[in-house]
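Read the structure below first, then the notes.
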Protein chains: 4
Amino acid sequence: MKVGFIGLGAMGSGIAANILREGHELVVWNRSPGPLEALKAQGAVVAKSPEETLTGDALFTMLANDAAVSAIGLDGPLLDKAAKGLVHVNMATVSTAFAKALTEAHRARGLGYVASPVFGRPDAAAAGKLTVVAAGAREDIAKVEPILTKIGAKYAVVGSDPVQANLFKISGNFMIAAAIEAMGEAAALLQKGGVDPAVFFDVLTSANFNAPIYKIYGKIIAEQSYDQAGFKLSLGYKDAGLTLAAAKEFEAPLPLASLVHDHFLAAMAAGWGEKDWASLAKLAADRTKVATS
Amino acid sequence: MKVGFIGLGAMGSGIAANILREGHELVVWNRSPGPLEALKAQGAVVAKSPEETLTGDALFTMLANDAAVSAIGLDGPLLDKAAKGLVHVNMATVSTAFAKALTEAHRARGLGYVASPVFGRPDAAAAGKLTVVAAGAREDIAKVEPILTKIGAKYAVVGSDPVQANLFKISGNFMIAAAIEAMGEAAALLQKGGVDPAVFFDVLTSANFNAPIYKIYGKIIAEQSYDQAGFKLSLGYKDAGLTLAAAKEFEAPLPLASLVHDHFLAAMAAGWGEKDWASLAKLAADRTKVATS
Amino acid sequence: MKVGFIGLGAMGSGIAANILREGHELVVWNRSPGPLEALKAQGAVVAKSPEETLTGDALFTMLANDAAVSAIGLDGPLLDKAAKGLVHVNMATVSTAFAKALTEAHRARGLGYVASPVFGRPDAAAAGKLTVVAAGAREDIAKVEPILTKIGAKYAVVGSDPVQANLFKISGNFMIAAAIEAMGEAAALLQKGGVDPAVFFDVLTSANFNAPIYKIYGKIIAEQSYDQAGFKLSLGYKDAGLTLAAAKEFEAPLPLASLVHDHFLAAMAAGWGEKDWASLAKLAADRTKVATS
Amino acid sequence: MKVGFIGLGAMGSGIAANILREGHELVVWNRSPGPLEALKAQGAVVAKSPEETLTGDALFTMLANDAAVSAIGLDGPLLDKAAKGLVHVNMATVSTAFAKALTEAHRARGLGYVASPVFGRPDAAAAGKLTVVAAGAREDIAKVEPILTKIGAKYAVVGSDPVQANLFKISGNFMIAAAIEAMGEAAALLQKGGVDPAVFFDVLTSANFNAPIYKIYGKIIAEQSYDQAGFKLSLGYKDAGLTLAAAKEFEAPLPLASLVHDHFLAAMAAGWGEKDWASLAKLAADRTKVATS
């Protein structure tokens, strides 16, 4: 298959490399040229402009947010240059409102559009171990499924309307933020009562909560190591905003999502945007006036 | 070791059987005689009164709540009959306030007191696979550790003051309730947006949320099977009350715990006390007016 | 009428003086003798023991809380000494659970019991300008109404079960706490945006919010004068606890009451118990990191 | 002074009539011609296009929201037609983000811009009894103050940056929504306890809460008369959204505002958008399962 790829950050580069490895013809473009060399060495063709990535069967994009997708013209102008029958696979976490606009923009031009956000970090992307979800018209998905099934360890079709995949991704991120909030409140209570949160998380994750999320964030919270951000609080705050925007759009009141969003906002006001989003736990500790390092 | 045991419900019976299997001499008592026969057949001595369980080296109790412990006199009168040097191991989930009163009542009589709540369900109790935590004076714990280490797959000392083990248990239960609330809100949003929550939980629990709690409750929520209660909502509500009482006692504001408690209360007002506590998810769905079976 | 009076703090003394002024025979008792002299000078008989206050037609009590009422034996032992037909008018803000216990204790002894909490501060009590509400059996209220209608500017019967008057009082206090929270959040937002909260409260209270509550607390919040407590935060916290206890008892989820209670708890954890309960506003300001004096 | 006026709904027509009465020359325009005749009869000149309203010293606009202001071109294109030195007085409740954009659009063209939202209902507008607040550059305000001081009973300058008046208005609306929520929760608790909310609001508004907001909404809530909307819930929901948007922009976490917004959202999901916004109280009652008519 001839495939274009735009957006070669840590996530995008890993995914693009996996597409190459599957034997597809890959044309890549990135705003900054840094990541292009490595992919070229692996056999990718480097495009001189975004337009050149739209000449094949499919275009994969992995951009930061609504604004980045729009800046490049993927909600309109750039699409006018696309090859007939092209299917655009958007892997970004975008708002549900923007997802609908994108769907419409592609439909109006007779192009395919599949939303396919992923769960996982750069190392999982490189190793082809992502969790990949997809939503879109049946025939669009069919065309790109040979690739989607290869870039992750787990793949699921979650709906026939692209926005449903974005809703799925947003809900997943909400689950993580909620887990962090719960861990933070429990740790604050325990610490105030003289119990070491590290012991608590160790016991929990050896039993009912034996999952990566609790292991990763339990460790960060117990060690209060918020300064090296694995995922920046400002990004968590953005995602929490997407959750509330989706709640509004679908008229689904989510009081826990509102609570988490308020706490992210308090953390932003405290100037913690660059810290790890597990800093929600520091906020909980501060409310109890437990001394935190 | 000569050991007494009071409270032979599904959990208590399983634990008592494991103590017997370890070769200890066991004297058992229960308010209703039903469970006594089975243990007698396994070698236990059936006491004619609670007093007879306090003549050995240790007394284990597994009762429903503060009131049940008090009803039997374990916060005072019954203790006056205890053998010198006896260590009482209380496995019940009691309030932190009552935990302090119990600690004092034992200390005043020169008796040992260890709080040792467990995590796990009856099948884990029977199989010796519980997670066991303990808190109390070093020397008290040392006496009963040969047993505590055998009744569970995981064992941890979490503090030198018994109340700390209760705080630990309460915090653990809070974590579960919070996870259910998060799952319920996510499911409500997804369902309103036309995404099947079963697919969501399947994807989640194959990756970052690969833990029993999410598998068990994800299934219940996706199937909306709230009528066969694995754990009754009225008990979840009681535990949420213990969390807030602990929050008050240790002056640790826990907004998520308050939110969860309010939702349990709404479910109680709706008459759902006998349903599974995952009914929090039905409440979230009802708020979105998604049709639920 | 021959009337007993127990509890001569600032509120009780003002009310007692008004009863005397109406020409009733008054027998007074107080734990500390300080306030007795002034009332004696106004014609009251000073009792040597609480029992002597129960020999007339009615007993009025104005005590701090559940514990103070119980300490004096008014939930049992002391009532055994009461004259036949005595009606006890309890003006304290007690919990709804305790209100029910008191009702039962009086009924069992054939005594009348009326709950009659008041709204207003000591100066209103002295001036006979309180707002007085009452609940109890029709015939009990009828006996004491000649007095209840004279100690306040506004009087209303709110129910036939005494607990209903306590519920009424608790709800009124909740309204004030909620108003303070709203003012505090608005002030925090405005201040962060460079608008003077004093101007805001001035405009508001000249129009739709032209009420004492908003004038009094608007001024305190705009001036950030939390150190001279008109009403201590620790007492507001206690009342917020009564609201949640009532919410639990009547199975009425009150999310705003929970939110306010959590904020009071955070203020307690911050060590602000002796400050004015309007310090909720400082908490709101702190969350925005607006510099507060 | 020569003054233009755009937006002649119930509020705008009342204000425009007052400007006329003050002897100013008034040029009016409205999207629908209905309200124009009455003002023409009072001496106004009816413009054939919006442009004609920008030829004087000042332009007053009273439009529904951000979109209505933008639709007419007041955030750009239309301003290019404005007379030199014109001061635009925007009385609409717009978002703080849009307020900033408008300020910039006027500044860039050398035009004055004053934000001057009002508090009050159409009858107050007609009677010149509104509460008027204004924010903007000192010299801009000075030019239009002769009018601003005449259209209301209360007038206050609240800042030098127009956005501050919008923040003020948004905060005022939040105060009302918060008061309704508190009234609703109190009424739900009382009703569940058998106390008539009408008595509660009567007592409250005769004392500490003696203000129009509590009288108006206390009556609606006690009578459960939500069907004739004095102010539609969908508009209250919109305003609650403006509050949260301002909270975000100024980084001021407002948990009570989030709670109120969630409740509005639940009411929208229930299909109550056309009912009175006091329906928040019905939501509180429904949570307690109190039967509501």
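Here's how to read the names in the structure tokens: chain A, B, ... by the order shown, residue numbers from 1 in each chain, ligand numbers from 1 in the order shown.
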
* Could you pull out all residues of range 26-185 of chain D with a DSSP call of alpha helix (DSSP H) and give them as a PyMOL selection string? -> chain D and resi 36-41+66-71+96-108+122-126+138-148+163-185

* State the Cα RMSD (Å, one decimal) obtained when chain D is least-squares superposed onto chain B, all Cα atoms paired in order. =>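 Between these identical-sequence chains, the C-alpha RMSD is 0.1 Å.
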
* To do: Mind checking which residues fall within 9 Å of range 27-31 of chain D, counting only C-alpha atoms, ignoring those fewer than 4 positions away in the same chain, and posting them as a list in words?
  => Lys2, Val3, Gly4, Phe5, Ile6, Gly7, Leu8, Gly9, Ala16, Pro35, Leu36, Leu39, Lys40, Ala44, Val45, Val46, Ala47, Lys48, Ser49, Pro50, Glu52, Thr53, Leu54 and Gly56 of chain D

* Mind listing as a list in words which residues of chain B are within 8 Å of chain D, counting only C-alpha atoms? ->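 Selected residues: Ala266, Ala269, Ala270, Arg287, Thr288 and Lys289 of chain B.
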
* Just the strand (DSSP E) stuff from range 36-265 of chain A, please, per backbone DSSP, written as a ChimeraX atom specification. => /A:45-46,58-61,87-90,112-115,118-119,130-136,152-159

* In Å, rounded to a single decimal, give me how far CA of Phe231 in chain A is from CA of Pro117 in chain A. => 16.9 Å

* To do: Find the residues around Ala179 in chain B up to 9 Å (only C-alpha atoms counted), leave out those fewer than 5 positions away in its own chain, and share them as a PyMOL selection string.
  => (chain A and resi 175+178-179+182) or (chain B and resi 174+184+213-214+217)

Take the residues from that selection and write them out as a CSV table (one decimal), in the first residue's frame, keeping N, CA, C and O atoms.
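Below is the file out10.csv, written as the result:
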chain,number,residue,atom,x,y,z
A,175,MET,N,-10.3,8.0,32.7
A,175,MET,CA,-10.2,6.9,33.7
A,175,MET,C,-8.8,7.0,34.4
A,175,MET,O,-8.7,6.7,35.6
A,178,ALA,N,-8.9,9.9,36.8
A,178,ALA,CA,-9.7,9.6,38.0
A,178,ALA,C,-8.9,8.7,38.9
A,178,ALA,O,-9.0,8.8,40.2
A,179,ALA,N,-8.2,7.7,38.3
A,179,ALA,CA,-7.4,6.8,39.2
A,179,ALA,C,-6.3,7.6,39.9
A,179,ALA,O,-6.1,7.3,41.1
A,182,ALA,N,-8.0,9.4,42.9
A,182,ALA,CA,-8.3,8.5,43.9
A,182,ALA,C,-7.0,8.1,44.7
A,182,ALA,O,-7.0,8.1,45.9
B,174,PHE,N,-12.2,2.6,49.6
B,174,PHE,CA,-12.4,3.8,48.9
B,174,PHE,C,-11.9,3.8,47.4
B,174,PHE,O,-12.6,4.2,46.5
B,184,GLY,N,-18.4,4.0,35.8
B,184,GLY,CA,-19.8,4.3,35.6
B,184,GLY,C,-19.9,5.6,34.8
B,184,GLY,O,-20.7,5.6,33.8
B,213,ILE,N,-10.2,-5.6,39.6
B,213,ILE,CA,-11.2,-4.7,39.9
B,213,ILE,C,-11.9,-4.2,38.6
B,213,ILE,O,-13.1,-4.1,38.5
B,214,TYR,N,-11.1,-3.9,37.6
B,214,TYR,CA,-11.7,-3.3,36.4
B,214,TYR,C,-12.4,-4.4,35.5
B,214,TYR,O,-13.3,-4.2,34.8
B,217,TYR,N,-15.8,-5.4,37.7
B,217,TYR,CA,-16.8,-4.3,37.6
B,217,TYR,C,-17.1,-3.8,36.2
B,217,TYR,O,-18.3,-3.4,35.9

* To do: Write out as number ranges by chain each polymer residue whose atoms come within 7 Å of range 146-154 of chain D, counting only C-alpha atoms; drop sequence neighbours fewer than 4 positions from it.
  => D: 15, 18-19, 128-132

* **Option closest in space to Ser258 in chain A, from A:Ala134, A:Ala240, A:Ala38, A:Ala165 [counting only C-alpha atoms]** =>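 Smallest separation from Ser258 in chain A among the options: A:Ala240.
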
* Asked: How far is it from CA of Ala67 in chain B to CA of Ser234 in chain B, in Å with one decimal?
  ->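 Result for CA of Ala67 in chain B versus CA of Ser234 in chain B: 15.7 Å, one decimal.
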
* To do: Tell me which protein, DNA and RNA residues are within 8 Å of Val203 in chain D, counting only C-alpha atoms, leaving out same-chain ones fewer than 2 positions away, and put them as a VMD selection string.
  => (chain C and resid 131 154 156) or (chain D and resid 199 to 201 205 to 207)

Would you export the selected residues with C-alpha atoms as an mmCIF file, in the first residue's frame, please?
data_model
loop_
_atom_site.group_PDB
_atom_site.id
_atom_site.type_symbol
_atom_site.label_atom_id
_atom_site.label_comp_id
_atom_site.auth_asym_id
_atom_site.auth_seq_id
_atom_site.Cartn_x
_atom_site.Cartn_y
_atom_site.Cartn_z
ATOM 1 C CA THR C 131 -36.849 34.564 64.487
ATOM 2 C CA LYS C 154 -41.122 36.421 63.764
ATOM 3 C CA ALA C 156 -43.668 30.106 62.919
ATOM 4 C CA VAL D 199 -42.810 28.060 55.456
ATOM 5 C CA PHE D 200 -39.026 27.802 55.329
ATOM 6 C CA PHE D 201 -38.651 30.427 52.627
ATOM 7 C CA THR D 205 -36.946 35.950 53.677
ATOM 8 C CA SER D 206 -38.427 37.760 56.633
ATOM 9 C CA ALA D 207 -35.000 37.840 58.235
#

* **One-decimal distance in Å that lies between CA of Lys232 in chain D and CA of Trp272 in chain D** =>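 If I compute the distance from CA of Trp272 in chain D to CA of Lys232 in chain D, I get 8.9 Å.
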
* To do: Using only C-alpha atoms, determine which residues lie at most 9 Å from Leu102 in chain A, disregarding the query and same-chain residues fewer than 6 positions distant; provide the list as a PyMOL selection string.
  => chain A and resi 74-76+113
